[in-house]
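File shown: coords19.csv (CSV, C-alpha atoms).
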chain,number,residue,atom,x,y,z
A,117,MET,CA,45.7,20.1,-106.0
A,118,LYS,CA,42.3,19.7,-104.3
A,119,LYS,CA,40.7,22.9,-103.0
A,120,ILE,CA,39.3,22.5,-99.5
A,121,PHE,CA,37.6,25.2,-97.5
A,122,ALA,CA,36.0,25.3,-94.0
A,123,VAL,CA,32.7,27.0,-93.0
A,124,ILE,CA,31.9,27.8,-89.4
A,125,PHE,CA,28.3,26.9,-88.8
A,126,THR,CA,26.8,27.0,-85.2
A,127,GLY,CA,30.2,26.3,-83.7
A,128,MET,CA,31.0,23.3,-85.9
A,129,PHE,CA,33.4,23.0,-88.8
A,130,ILE,CA,32.1,21.7,-92.0
A,131,PHE,CA,34.7,20.8,-94.6
A,132,ALA,CA,33.7,20.9,-98.2
A,133,ASN,CA,35.8,19.6,-101.1
A,134,THR,CA,35.3,21.5,-104.4
A,135,GLU,CA,36.0,18.2,-106.2
A,136,ALA,CA,33.6,15.2,-106.1
A,137,MET,CA,33.1,13.6,-102.7
A,138,ALA,CA,35.2,10.5,-102.4
A,139,PHE,CA,33.5,7.0,-102.4
A,140,ASP,CA,33.3,6.6,-98.6
A,141,LEU,CA,30.7,5.3,-96.2
A,142,TYR,CA,29.2,7.3,-93.3
A,143,SER,CA,26.4,6.9,-90.8
A,144,LYS,CA,24.9,9.0,-88.1
A,145,THR,CA,23.6,5.9,-86.4
A,146,ILE,CA,26.8,3.7,-86.4
A,147,ARG,CA,30.3,4.8,-85.8
A,148,ASP,CA,33.0,2.7,-87.5
A,149,ASN,CA,34.3,-0.1,-85.3
A,150,SER,CA,32.0,0.9,-82.4
A,151,PHE,CA,29.1,-0.8,-80.7
A,152,MET,CA,25.7,-0.8,-82.4
A,153,SER,CA,22.6,0.0,-80.3
A,154,ILE,CA,19.6,-2.3,-79.4
A,155,GLU,CA,17.7,-0.2,-81.9
A,156,GLN,CA,19.5,-1.9,-84.8
A,157,ALA,CA,19.5,-5.4,-83.3
A,158,SER,CA,17.1,-8.0,-84.6
A,159,ASP,CA,13.6,-8.1,-83.0
A,160,LYS,CA,14.4,-11.9,-82.6
A,161,CYS,CA,16.9,-10.8,-79.9
A,162,GLY,CA,14.8,-8.1,-78.2
A,163,GLY,CA,16.0,-5.3,-80.6
A,164,LYS,CA,13.9,-2.9,-82.6
A,165,ASN,CA,15.3,-4.1,-85.9
A,166,ILE,CA,15.6,-0.6,-87.4
A,167,SER,CA,18.2,-0.3,-90.2
A,168,PRO,CA,20.7,2.5,-89.8
A,169,ASP,CA,21.1,5.5,-92.0
A,170,LEU,CA,23.9,5.1,-94.6
A,171,GLU,CA,25.5,7.8,-96.8
A,172,TRP,CA,28.2,7.3,-99.4
A,173,GLY,CA,30.0,9.5,-101.8
A,174,LYS,CA,30.1,9.4,-105.6
A,175,ALA,CA,30.8,6.0,-107.0
A,176,PRO,CA,34.0,5.3,-108.9
A,177,GLU,CA,34.3,6.1,-112.7
A,178,GLY,CA,32.5,3.5,-114.8
A,179,ALA,CA,30.1,2.3,-112.0
A,180,LYS,CA,26.6,1.6,-113.3
A,181,SER,CA,24.9,0.4,-110.1
A,182,LEU,CA,25.6,-0.3,-106.4
A,183,ALA,CA,25.0,-3.2,-104.1
A,184,LEU,CA,24.8,-3.2,-100.3
A,185,ILE,CA,25.7,-6.3,-98.2
A,186,VAL,CA,25.6,-6.5,-94.4
A,187,HIS,CA,27.6,-9.5,-93.2
A,188,ASP,CA,28.6,-11.0,-89.8
A,189,PRO,CA,31.8,-12.9,-90.5
A,190,ASP,CA,31.9,-14.0,-86.8
A,191,ALA,CA,28.7,-16.0,-86.9
A,192,PRO,CA,29.3,-19.6,-86.0
A,193,VAL,CA,28.1,-21.0,-89.3
A,194,GLU,CA,29.9,-21.6,-92.6
A,195,HIS,CA,30.2,-18.4,-94.7
A,196,GLY,CA,29.0,-16.2,-91.7
A,197,TRP,CA,25.6,-14.6,-91.5
A,198,TYR,CA,24.0,-12.2,-94.1
A,199,HIS,CA,21.7,-9.6,-92.6
A,200,TRP,CA,20.8,-7.4,-95.6
A,201,ILE,CA,21.5,-7.8,-99.3
A,202,VAL,CA,20.4,-5.2,-101.8
A,203,VAL,CA,21.4,-5.1,-105.5
A,204,ASP,CA,20.7,-2.9,-108.5
A,205,ILE,CA,20.8,0.3,-106.5
A,206,PRO,CA,21.0,3.2,-109.0
A,207,VAL,CA,24.5,4.6,-109.2
A,208,THR,CA,23.0,8.1,-108.5
A,209,ALA,CA,21.8,7.0,-105.1
A,210,ILE,CA,23.9,8.5,-102.2
A,211,GLY,CA,22.4,6.8,-99.3
A,212,ILE,CA,19.4,5.6,-97.4
A,213,LYS,CA,17.6,7.0,-94.3
A,214,LYS,CA,17.3,5.2,-91.0
A,215,GLY,CA,14.5,2.6,-91.1
A,216,ALA,CA,13.9,3.2,-94.8
A,217,LYS,CA,13.5,0.6,-97.6
A,218,PHE,CA,15.2,0.8,-101.0
A,219,ALA,CA,12.8,1.7,-103.9
A,220,SER,CA,12.7,0.0,-107.3
A,221,PRO,CA,14.8,-0.8,-109.3
A,222,ALA,CA,16.8,-1.8,-106.2
A,223,ARG,CA,16.1,-5.4,-105.2
A,224,GLU,CA,16.4,-6.8,-101.7
A,225,ILE,CA,17.7,-10.4,-101.8
A,226,THR,CA,16.9,-13.3,-99.4
A,227,THR,CA,19.4,-13.2,-96.4
A,228,SER,CA,20.5,-15.9,-94.0
A,229,TRP,CA,17.3,-15.2,-92.1
A,230,GLY,CA,15.4,-16.7,-95.1
A,231,ALA,CA,13.7,-13.5,-96.2
A,232,PRO,CA,14.6,-10.3,-98.0
A,233,GLY,CA,15.1,-7.1,-96.1
A,234,TYR,CA,17.1,-5.8,-93.1
A,235,ASP,CA,17.3,-8.0,-90.0
A,236,GLY,CA,19.8,-6.8,-87.5
A,237,PRO,CA,22.4,-8.3,-85.2
A,238,CYS,CA,21.5,-11.3,-83.1
A,239,PRO,CA,24.6,-13.2,-82.2
A,240,PRO,CA,24.3,-16.2,-79.8
A,241,PRO,CA,24.4,-15.2,-76.2
A,242,GLY,CA,27.9,-15.4,-74.7
A,243,HIS,CA,29.5,-15.8,-78.1
A,244,GLY,CA,31.4,-12.6,-77.8
A,245,LYS,CA,31.7,-9.5,-80.0
A,246,HIS,CA,30.5,-9.8,-83.6
A,247,ARG,CA,31.4,-7.5,-86.5
A,248,TYR,CA,28.7,-6.3,-88.8
A,249,ASN,CA,30.3,-5.2,-92.1
A,250,PHE,CA,28.1,-2.8,-94.0
A,251,THR,CA,29.7,-2.8,-97.5
A,252,VAL,CA,28.6,-0.8,-100.5
A,253,TYR,CA,30.0,-2.1,-103.8
A,254,ALA,CA,30.2,-0.1,-107.0
A,255,LEU,CA,29.4,-2.4,-109.9
A,256,ASN,CA,30.1,-2.4,-113.6
A,257,THR,CA,26.6,-3.5,-114.5
A,258,GLU,CA,23.2,-1.8,-114.1
A,259,GLU,CA,21.5,-5.1,-113.2
A,260,ILE,CA,23.2,-8.1,-111.7
A,261,GLU,CA,21.9,-11.5,-112.8
A,262,LEU,CA,21.0,-13.8,-109.9
A,263,SER,CA,19.2,-17.1,-109.8
A,264,PRO,CA,16.4,-17.4,-107.2
A,265,ASP,CA,18.1,-20.4,-105.5
A,266,MET,CA,21.4,-18.6,-104.8
A,267,LYS,CA,22.7,-18.7,-101.3
A,268,PRO,CA,23.6,-15.4,-99.7
A,269,TYR,CA,27.4,-16.1,-100.0
A,270,GLU,CA,26.9,-16.9,-103.7
A,271,VAL,CA,25.2,-13.6,-104.2
A,272,GLU,CA,28.1,-11.9,-102.5
A,273,GLU,CA,30.5,-13.7,-104.9
A,274,ALA,CA,28.4,-12.6,-107.9
A,275,VAL,CA,28.5,-9.0,-106.6
A,276,LYS,CA,32.2,-9.1,-106.1
A,277,SER,CA,32.8,-10.4,-109.6
A,278,HIS,CA,31.3,-7.1,-110.9
A,279,SER,CA,32.9,-4.8,-108.3
A,280,LEU,CA,34.9,-1.7,-109.3
A,281,GLY,CA,35.4,-0.7,-105.7
A,282,GLU,CA,33.9,-1.2,-102.3
A,283,ILE,CA,33.6,0.7,-99.0
A,284,THR,CA,32.9,-0.8,-95.6
A,285,LEU,CA,31.6,0.5,-92.3
A,286,THR,CA,31.8,-1.9,-89.4
A,287,GLY,CA,29.5,-2.0,-86.4
A,288,ILE,CA,30.0,-4.3,-83.4
A,289,TYR,CA,27.3,-6.0,-81.3
A,290,GLU,CA,27.4,-8.5,-78.5
A,291,ARG,CA,24.8,-10.4,-76.5
A,292,LYS,CA,25.8,-11.3,-72.9
Let me see the structure of the file written as structure tokens.
Amino acid sequence: MKKIFAVIFTGMFIFANTEAMAFDLYSKTIRDNSFMSIEQASDKCGGKNISPDLEWGKAPEGAKSLALIVHDPDAPVEHGWYHWIVVDIPVTAIGIKKGAKFASPAREITTSWGAPGYDGPCPPPGHGKHRYNFTVYALNTEEIELSPDMKPYEVEEAVKSHSLGEITLTGIYERK
């Protein structure tokens, strides 16, 4: 049985599990299934293009690296739109700070925008609400082999072929 205890700290409850923290995804910037702010939106759409903070628990047993893919499945193009792709994240990593970039050996891969790196939400005006799935994958390999000409959806397929588990946090954004 798991042992759980609570500590009262400045009026807030903090729950700590004496066993390893579960593989789950959190953010102080984005709440799951809630609207994202203009701060995270692409500068191509009047946003500030600041990537959110992300924090995750210990990867599943056997994981050797992690990957992060941010995907808009509601984009009006085949395969949706890829906003951030990072592979070869060390399995010991537990997150990234708001606005930060991943350090080597992690590699940022070219997105649907045509360049590597984070580029936030920018749905067509009046197209309705779009979902932005921030997914962290636990992989069974330290380094994922990718060819330079792979399309973003092909990179996602390669990542999924090595996945031992995945966790997703979904942000929502809409341009009126």
Leaving out Gly178 of chain A and any residue of its chain fewer than 3 positions from it, which residues lie within 12 Å of it when counting all atoms listed in the file, given as a list in words?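 Returned residues: Lys174, Ala175, Ser181, Leu182, Val207, Ala254, Leu255, Asn256, Thr257, Glu258, His278, Ser279, Leu280 and Gly281 of chain A.
For the pair atom CA of Tyr253 of chain A and atom CA of Ser228 of chain A, the separation is 19.4 Å.
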Figure out the distance between atom CA of Val275 of chain A and atom CA of Ala222 of chain A, please, to one decimal in Å. 13.7 Å
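Going from atom CA of Gln156 of chain A to atom CA of Ile260 of chain A covers 27.9 Å.
Considering all atoms listed in the file, the residue among A:Ile283, A:Ala183, A:Ala157, A:Ile146 positioned nearest to Ile201 of chain A is A:Ala183.
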Under the rule that only C-alpha atoms are counted, which of A:Ile288, A:Ile205, A:Val186, A:Met152 is the nearest residue to Tyr269 of chain A?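 Selected residue with least distance to Tyr269 of chain A: A:Val186.
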Top pick for closest residue to Ser150 of chain A, considering A:Asp235, A:Arg291, A:Glu259, A:Asn249 and counting all atoms listed in the file: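 Going through A:Asp235, A:Arg291, A:Glu259, A:Asn249 one by one, the smallest distance to Ser150 of chain A is for A:Asn249.
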Between A:Pro237, A:Gly211, A:Gly244, A:Pro232, which residue has the minimum interatomic distance to Asn165 of chain A, considering all atoms listed in the file?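 Among the listed residues, the smallest separation from Asn165 of chain A belongs to A:Pro237.
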Near Arg223 of chain A, within 7 Å and counting all atoms listed in the file, which residues show up once chain neighbours fewer than 4 positions away are dropped, as JSON, numbers by chain? {"A": [202, 203, 204]}
Do a neighbour search on Pro239 of chain A at 8 Å with all atoms listed in the file, toss out local chain neighbours closer than 5 positions, and write the hits as an NGL selection string. :A and (191 or 246 or 289-291)
Go through A:Ile185, A:Pro206, A:Asn149, A:Ala231 and flag the residue nearest Glu282 of chain A, using only C-alpha atoms for the distances.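 Smallest separation from Glu282 of chain A among the options: A:Ile185.
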Calculated over only C-alpha atoms, which of the candidates A:Lys144, A:His195, A:Lys292, A:His243 has the smallest distance to Lys214 of chain A? A:Lys144
Using the block above, I'd like segment 245-261 of chain A written out, keeping N, CA and C atoms and formatting it as an mmCIF file, in the first residue's frame.
data_model
loop_
_atom_site.group_PDB
_atom_site.id
_atom_site.type_symbol
_atom_site.label_atom_id
_atom_site.label_comp_id
_atom_site.auth_asym_id
_atom_site.auth_seq_id
_atom_site.Cartn_x
_atom_site.Cartn_y
_atom_site.Cartn_z
ATOM 1 N N LYS A 245 -12.341 26.619 -31.584
ATOM 2 C CA LYS A 245 -11.371 26.189 -30.575
ATOM 3 C C LYS A 245 -10.473 25.094 -31.140
ATOM 4 N N HIS A 246 -9.181 25.229 -30.856
ATOM 5 C CA HIS A 246 -8.213 24.207 -31.232
ATOM 6 C C HIS A 246 -7.593 23.638 -29.971
ATOM 7 N N ARG A 247 -7.314 22.328 -30.007
ATOM 8 C CA ARG A 247 -6.642 21.648 -28.900
ATOM 9 C C ARG A 247 -5.148 21.573 -29.192
ATOM 10 N N TYR A 248 -4.352 21.844 -28.180
ATOM 11 C CA TYR A 248 -2.897 21.770 -28.285
ATOM 12 C C TYR A 248 -2.445 20.714 -27.293
ATOM 13 N N ASN A 249 -2.100 19.527 -27.841
ATOM 14 C CA ASN A 249 -1.716 18.396 -27.014
ATOM 15 C C ASN A 249 -0.220 18.406 -26.767
ATOM 16 N N PHE A 250 0.157 18.641 -25.514
ATOM 17 C CA PHE A 250 1.547 18.568 -25.080
ATOM 18 C C PHE A 250 1.745 17.138 -24.585
ATOM 19 N N THR A 251 2.457 16.319 -25.349
ATOM 20 C CA THR A 251 2.627 14.908 -24.990
ATOM 21 C C THR A 251 4.091 14.601 -24.768
ATOM 22 N N VAL A 252 4.377 13.988 -23.621
ATOM 23 C CA VAL A 252 5.722 13.502 -23.306
ATOM 24 C C VAL A 252 5.676 11.984 -23.448
ATOM 25 N N TYR A 253 6.617 11.454 -24.223
ATOM 26 C CA TYR A 253 6.727 10.017 -24.452
ATOM 27 C C TYR A 253 7.959 9.488 -23.732
ATOM 28 N N ALA A 254 7.822 8.338 -23.079
ATOM 29 C CA ALA A 254 8.954 7.614 -22.507
ATOM 30 C C ALA A 254 9.387 6.598 -23.561
ATOM 31 N N LEU A 255 10.652 6.643 -23.954
ATOM 32 C CA LEU A 255 11.123 5.824 -25.065
ATOM 33 C C LEU A 255 12.084 4.724 -24.617
ATOM 34 N N ASN A 256 12.131 3.648 -25.398
ATOM 35 C CA ASN A 256 12.987 2.508 -25.087
ATOM 36 C C ASN A 256 14.376 2.627 -25.705
ATOM 37 N N THR A 257 14.744 3.822 -26.165
ATOM 38 C CA THR A 257 16.042 4.061 -26.779
ATOM 39 C C THR A 257 16.601 5.397 -26.287
ATOM 40 N N GLU A 258 17.940 5.478 -26.183
ATOM 41 C CA GLU A 258 18.559 6.740 -25.740
ATOM 42 C C GLU A 258 18.527 7.789 -26.840
ATOM 43 N N GLU A 259 18.678 7.335 -28.073
ATOM 44 C CA GLU A 259 18.708 8.266 -29.208
ATOM 45 C C GLU A 259 17.814 7.713 -30.306
ATOM 46 N N ILE A 260 16.873 8.507 -30.741
ATOM 47 C CA ILE A 260 15.956 8.068 -31.791
ATOM 48 C C ILE A 260 16.545 8.458 -33.148
ATOM 49 N N GLU A 261 16.558 7.497 -34.056
ATOM 50 C CA GLU A 261 17.113 7.744 -35.386
ATOM 51 C C GLU A 261 16.056 8.387 -36.273
#
